[in-house]
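Here is model_27.txt, consisting of compact mmCIF, C-alpha atoms:
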# COMPACT_ATOMS: atom_id res chain seq x y z
CA MET A 1 16.87 -4.46 -2.17
CA LYS A 2 16.24 -4.89 1.54
CA LEU A 3 12.80 -6.37 0.90
CA ASN A 4 14.18 -9.59 -0.59
CA GLU A 5 17.54 -9.92 1.18
CA HIS A 6 16.25 -12.71 3.46
CA LEU A 7 13.98 -14.49 0.95
CA GLN A 8 14.45 -17.23 -1.57
CA ILE A 9 11.99 -18.49 -4.18
CA VAL A 10 11.99 -22.23 -4.83
CA GLY A 11 10.57 -23.27 -8.18
CA LYS A 12 10.44 -26.59 -9.98
CA ASN A 13 13.85 -26.33 -11.66
CA VAL A 14 15.38 -23.13 -10.27
CA ILE A 15 15.90 -21.44 -6.92
CA LEU A 16 16.12 -17.65 -6.76
CA VAL A 17 18.39 -16.38 -3.97
CA PRO A 18 19.52 -12.88 -2.94
CA TYR A 19 22.85 -11.64 -4.31
CA GLU A 20 25.41 -12.14 -1.52
CA SER A 21 29.09 -11.23 -1.32
CA LYS A 22 29.96 -14.94 -1.60
CA HIS A 23 28.55 -14.92 -5.15
CA VAL A 24 30.59 -11.94 -6.38
CA GLU A 25 33.69 -13.73 -7.66
CA LYS A 26 31.71 -16.04 -9.94
CA TYR A 27 29.53 -13.15 -11.11
CA HIS A 28 32.69 -11.18 -11.85
CA GLN A 29 34.04 -14.03 -13.98
CA TRP A 30 30.79 -14.10 -15.94
CA MET A 31 30.89 -10.40 -16.66
CA LYS A 32 34.32 -10.63 -18.26
CA SER A 33 32.49 -12.12 -21.24
CA GLU A 34 32.16 -9.66 -24.10
CA GLU A 35 28.96 -11.44 -25.16
CA LEU A 36 27.32 -10.83 -21.76
CA GLN A 37 28.60 -7.26 -21.64
CA THR A 38 26.92 -6.62 -24.99
CA LEU A 39 23.66 -8.38 -24.11
CA THR A 40 23.38 -6.59 -20.75
CA ALA A 41 24.79 -3.22 -21.92
CA SER A 42 27.38 -3.47 -19.14
CA GLU A 43 30.89 -2.15 -18.75
CA PRO A 44 33.66 -4.41 -17.36
CA LEU A 45 34.37 -3.84 -13.67
CA THR A 46 37.27 -4.71 -11.42
CA LEU A 47 36.62 -7.28 -8.70
CA GLU A 48 36.62 -4.51 -6.10
CA GLU A 49 34.07 -2.55 -8.13
CA GLU A 50 31.95 -5.71 -8.43
CA TYR A 51 31.87 -6.05 -4.63
CA GLN A 52 30.82 -2.40 -4.37
CA MET A 53 28.11 -2.97 -6.97
CA GLN A 54 26.78 -5.95 -5.02
CA GLN A 55 26.48 -3.80 -1.89
CA SER A 56 24.79 -0.97 -3.78
CA TRP A 57 22.25 -3.39 -5.26
CA ARG A 58 21.57 -4.79 -1.79
CA ASN A 59 20.75 -1.32 -0.45
CA ASP A 60 19.03 0.12 -3.55
CA GLU A 61 15.26 0.28 -2.97
CA ASP A 62 14.67 0.62 -6.72
CA LYS A 63 16.43 -2.61 -7.72
CA CYS A 64 15.23 -6.09 -6.80
CA THR A 65 17.81 -8.77 -7.65
CA PHE A 66 17.82 -12.54 -7.35
CA LEU A 67 20.50 -14.95 -8.53
CA ILE A 68 19.39 -18.15 -10.25
CA LEU A 69 20.44 -21.58 -9.04
CA ASP A 70 20.03 -24.83 -10.92
CA ARG A 71 17.86 -26.55 -8.31
CA GLU A 72 18.90 -30.10 -9.18
CA ARG A 73 22.59 -29.27 -9.03
CA PHE A 74 22.19 -27.40 -5.76
CA GLU A 75 20.30 -30.27 -4.14
CA GLN A 76 23.05 -32.65 -5.26
CA THR A 77 26.02 -30.50 -4.17
CA LYS A 78 24.59 -28.11 -1.53
CA ASP A 79 26.95 -25.58 -3.15
CA GLU A 80 25.34 -22.35 -4.32
CA ILE A 81 28.41 -21.25 -6.27
CA GLU A 82 28.49 -24.53 -8.19
CA ALA A 83 24.75 -24.28 -8.91
CA LEU A 84 24.75 -20.59 -9.89
CA VAL A 85 23.66 -20.03 -13.52
CA GLY A 86 22.38 -16.45 -13.90
CA ASP A 87 20.38 -13.60 -12.45
CA THR A 88 17.07 -11.77 -12.78
CA ASN A 89 16.24 -8.20 -11.82
CA ILE A 90 13.37 -5.75 -11.55
CA PHE A 91 14.18 -2.04 -11.76
CA LEU A 92 11.39 0.00 -10.18
CA GLN A 93 10.36 3.14 -12.04
CA SER A 94 7.67 5.80 -11.94
CA ASN A 95 4.81 5.14 -14.35
CA THR A 96 4.59 8.74 -15.53
CA GLU A 97 2.50 7.85 -18.60
CA ALA A 98 -0.44 6.63 -16.52
CA GLU A 99 -2.86 9.48 -15.82
CA ASP A 100 -4.39 7.87 -12.74
CA THR A 101 -1.14 7.15 -10.90
CA ASP A 102 0.96 9.12 -8.47
CA PRO A 103 4.29 9.91 -10.19
CA THR A 104 6.03 9.80 -6.80
CA ASP A 105 5.08 6.14 -6.39
CA ARG A 106 8.09 4.25 -7.76
CA ARG A 107 6.47 0.85 -7.28
CA LEU A 108 4.02 0.90 -10.15
CA LEU A 109 6.23 0.02 -13.11
CA GLY A 110 9.07 -2.49 -13.24
CA GLU A 111 11.68 -3.21 -15.89
CA ILE A 112 12.30 -6.96 -15.93
CA GLU A 113 15.70 -8.41 -16.83
CA ILE A 114 16.98 -11.97 -17.17
CA MET A 115 20.48 -13.37 -17.79
CA ILE A 116 21.48 -17.02 -18.06
CA ALA A 117 25.24 -16.66 -17.90
CA GLU A 118 26.33 -20.30 -17.85
CA PRO A 119 26.36 -21.59 -21.44
CA SER A 120 25.62 -25.14 -20.25
CA ALA A 121 22.42 -23.90 -18.56
CA ARG A 122 20.95 -22.31 -21.69
CA GLY A 123 18.14 -23.98 -23.57
CA LYS A 124 16.82 -25.67 -20.41
CA ARG A 125 14.02 -23.15 -19.75
CA TYR A 126 15.69 -21.87 -16.59
CA GLY A 127 15.34 -18.32 -17.89
CA TRP A 128 11.65 -18.89 -18.65
CA GLU A 129 10.89 -20.20 -15.17
CA ALA A 130 13.02 -17.61 -13.36
CA THR A 131 11.37 -14.76 -15.26
CA LEU A 132 7.87 -16.08 -14.51
CA LEU A 133 8.73 -16.35 -10.81
CA MET A 134 10.13 -12.81 -10.82
CA LEU A 135 7.06 -11.40 -12.59
CA VAL A 136 4.76 -13.01 -10.02
CA PHE A 137 6.96 -11.75 -7.17
CA GLY A 138 6.83 -8.23 -8.60
CA VAL A 139 3.03 -8.29 -8.73
CA GLU A 140 2.48 -9.81 -5.31
CA ARG A 141 5.30 -8.21 -3.29
CA LEU A 142 6.15 -4.98 -5.15
CA HIS A 143 2.54 -4.25 -6.23
CA LEU A 144 3.54 -3.56 -9.83
CA ARG A 145 0.87 -2.59 -12.35
CA GLN A 146 3.00 -2.44 -15.50
CA TYR A 147 6.10 -4.17 -16.83
CA ILE A 148 8.59 -3.20 -19.47
CA ALA A 149 11.43 -5.25 -20.96
CA ILE A 150 14.31 -4.04 -23.12
CA THR A 151 16.62 -6.34 -25.08
CA LYS A 152 19.05 -6.19 -27.95
CA ASP A 153 17.38 -6.47 -31.35
CA THR A 154 19.79 -9.32 -32.15
CA ASN A 155 18.74 -11.34 -29.10
CA GLU A 156 16.13 -13.48 -30.83
CA ARG A 157 15.80 -15.86 -27.88
CA ALA A 158 14.84 -13.03 -25.49
CA ILE A 159 12.49 -11.46 -28.04
CA ARG A 160 10.65 -14.75 -28.53
CA MET A 161 10.46 -15.31 -24.78
CA PHE A 162 8.83 -11.95 -24.04
CA GLU A 163 6.41 -12.43 -26.92
CA ARG A 164 5.42 -15.84 -25.51
CA MET A 165 4.93 -14.16 -22.15
CA LYS A 166 2.34 -11.92 -23.79
CA PHE A 167 4.44 -8.75 -23.84
CA ARG A 168 3.84 -6.39 -26.76
CA GLU A 169 6.60 -4.67 -28.70
CA THR A 170 6.34 -0.92 -28.08
CA LYS A 171 9.48 0.62 -29.56
CA ARG A 172 12.66 -0.02 -31.50
CA THR A 173 15.73 2.13 -30.94
CA PRO A 174 18.14 1.44 -33.80
CA ILE A 175 20.87 3.71 -32.44
CA PHE A 176 21.15 1.45 -29.38
CA GLN A 177 20.07 -1.72 -31.25
CA GLU A 178 17.29 -2.25 -28.71
CA VAL A 179 13.70 -3.49 -28.71
CA SER A 180 11.29 -2.44 -25.95
CA PHE A 181 8.25 -4.43 -24.79
CA GLY A 182 5.39 -3.57 -22.46
CA ARG A 183 2.82 -5.52 -20.48
CA PRO A 184 0.03 -4.22 -18.21
CA VAL A 185 -0.70 -6.30 -15.12
CA GLU A 186 -4.20 -7.72 -15.55
CA GLU A 187 -6.07 -10.43 -13.68
CA ASP A 188 -6.18 -12.88 -16.58
CA TRP A 189 -2.45 -12.42 -17.19
CA ILE A 190 -1.65 -13.00 -13.51
CA ALA A 191 -3.69 -16.21 -13.66
CA TRP A 192 -1.75 -17.27 -16.78
CA LEU A 193 1.60 -16.53 -15.07
CA LYS A 194 0.70 -18.65 -12.07
CA GLN A 195 -0.54 -21.48 -14.23
CA GLU A 196 2.69 -21.43 -16.24
CA VAL A 197 5.01 -21.24 -13.24
CA GLY A 198 3.24 -24.07 -11.41
CA SER A 199 4.38 -25.08 -7.95
CA TYR A 200 6.67 -22.70 -6.05
CA ARG A 201 7.29 -21.48 -2.54
CA ILE A 202 8.82 -18.39 -0.97
CA GLU A 203 10.72 -18.99 2.23
CA PRO A 204 13.46 -17.52 4.43
CA TYR A 205 17.03 -17.41 3.15
CA PRO A 206 19.07 -19.14 4.46
CA ASN A 207 16.44 -21.86 4.71
CA GLN A 208 14.67 -21.73 8.06
CA SER A 209 11.70 -23.59 9.47
CA ASN A 210 9.11 -20.84 9.14
CA VAL A 211 7.76 -20.02 5.70
CA LEU A 212 7.26 -16.27 5.42
CA LEU A 213 4.90 -16.24 2.49
CA GLN A 214 2.40 -18.73 1.26
CA GLY A 215 3.34 -20.20 -2.09
CA ARG A 216 1.58 -22.93 -4.01
CA GLU A 217 3.14 -26.34 -3.51
CA ALA A 218 2.49 -29.56 -5.34
Reformat the file's structure so that it appears as structure tokens.
Amino acid sequence: MKLNEHLQIVGKNVILVPYESKHVEKYHQWMKSEELQTLTASEPLTLEEEYQMQQSWRNDEDKCTFLILDRERFEQTKDEIEALVGDTNIFLQSNTEAEDTDPTDRRLLGEIEIMIAEPSARGKRYGWEATLLMLVFGVERLHLRQYIAITKDTNERAIRMFERMKFRETKRTPIFQEVSFGRPVEEDWIAWLKQEVGSYRIEPYPNQSNVLLQGREA
């Protein structure tokens, strides 16, 4: 998405950066994993196809993608590839079920996704923090009013996470082994998200002197 191609979000333990061509080879290695293919309902791609996918995501106005860096590792190494641990996405959709919304407005409902691809990075709450940051970004920058999340019914970690984030299960689709969750954007929930995420800032990527958006810093 063009909107976030020059932005990064700096949280306490993670940094969210736009998906660049320099990240593709590591992403491609991740997606050779049958486990990740199953969890993300993805088909294996060639490296050339992965580069094409990265470009299509960059230009797709209905897909907002950030890659997740381990902040501590990045600050130690200054190497994004070394610090790269996963990704998070929002797919923008029309909220056709809402009677008071314009069905042509594709920025009302977002499907949130999270993937921690590096096994060594799992269990460290990087996915929790990255998802919170992405949910707040979607509310404040994409003006979303509703979220959905879809995960495999065997992915107990993801199911528990969305439940803790106050999503409500809305549907099970046994044929695809999927569970769907929904969450309206409400003022008290936004306040809870910001309290949970704590200190963060949104700034230019690559890092420049001028902060584009005002975040909350400790």
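Among the candidates A:Leu142, A:Ile112, A:Val179, A:Ile68, the one nearest to Thr154 of chain A when counting all atoms listed in the file is A:Val179.
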* To do: Have a look at A:Thr173, A:Gln93, A:Gln195, A:Asn13 and name the one nearest to Ile150 of chain A; count only C-alpha atoms.
  =>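 The shortest atom-to-atom distance to Ile150 of chain A comes from A:Thr173.
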* For Phe91 of chain A: contacts at 6 Å, only C-alpha atoms, fewer than 4 positions along chain excluded, given as number ranges by chain -> A: 62-63, 110-111
* If you measure from atom CA of Arg145 of chain A to atom CA of Glu186 of chain A, what distance in Å do you get, rounded to one decimal? ->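 Rounded to one decimal, the two atoms are 7.9 Å apart.
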* Using only C-alpha atoms, what residues lie at most 12 Å away from (22.4, -22.2, -19.7) (file coordinates), given as a ChimeraX atom specification? -> /A:14,68-70,83-87,114-128
* Find the residues with any atom within 10 Å of (7.8, -20.9, -6.6); use only C-alpha atoms and the coordinates as given in the file, and write the answer as JSON, numbers by chain. => {"A": [8, 9, 10, 11, 12, 13, 14, 15, 16, 129, 130, 132, 133, 134, 136, 137, 194, 197, 198, 199, 200, 201, 202, 203, 214, 215, 216, 217]}
* **Exercise: His143 of chain A partners within 9 Å, all atoms listed in the file, chain neighbours under 4 positions left out, as a list of chain:residue names** => A:Arg107, A:Leu108, A:Leu109, A:Phe137, A:Gly138, A:Val139
* To do: Determine the nearest neighbour of Glu113 of chain A from the options A:Thr40, A:Asp153, A:Met1, A:Pro174, counting all atoms listed in the file.
  =>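 Of A:Thr40, A:Asp153, A:Met1, A:Pro174, the one nearest Glu113 of chain A is A:Thr40, counting all atoms listed in the file.
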* Asked: A:Lys78, A:Arg141, A:His28, A:Arg168: which is nearest Cys64 of chain A, counting all atoms listed in the file?
  ->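 Answer, going by the shortest atom-to-atom distance: A:Arg141.
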* To do: Compare A:Met53, A:Asn59, A:Thr65, A:Ala158 by their minimum atom-to-atom distance to Glu178 of chain A, counting all atoms listed in the file, and give me the closest one.
  =>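 Result for the nearest residue to Glu178 of chain A: A:Ala158.
Our summary of the geometry notes that atom CA of Lys26 of chain A is positioned 7.2 Å from atom CA of Ile81 of chain A.
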* To do: Please identify all polymer residues within 8 Å of Leu7 of chain A, counting only C-alpha atoms, omitting same-chain residues fewer than 3 positions from it, and present them as a PyMOL selection string.
  => chain A and resi 4+17-18+202-206
* Asked: Residues at most 7 Å from segment 43-51 of chain A, counting all atoms listed in the file, excluding those fewer than 4 positions away in the same chain, as a list in words?
  ->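 So, after excluding close chain neighbours, the residues are Ser21, Val24, His28, Met31, Lys32, Gln37 and Gln55 of chain A.
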* **Atomic separation - atom CA of Phe181 of chain A relative to atom CA of Ile148 of chain A, Å** => 5.5 Å
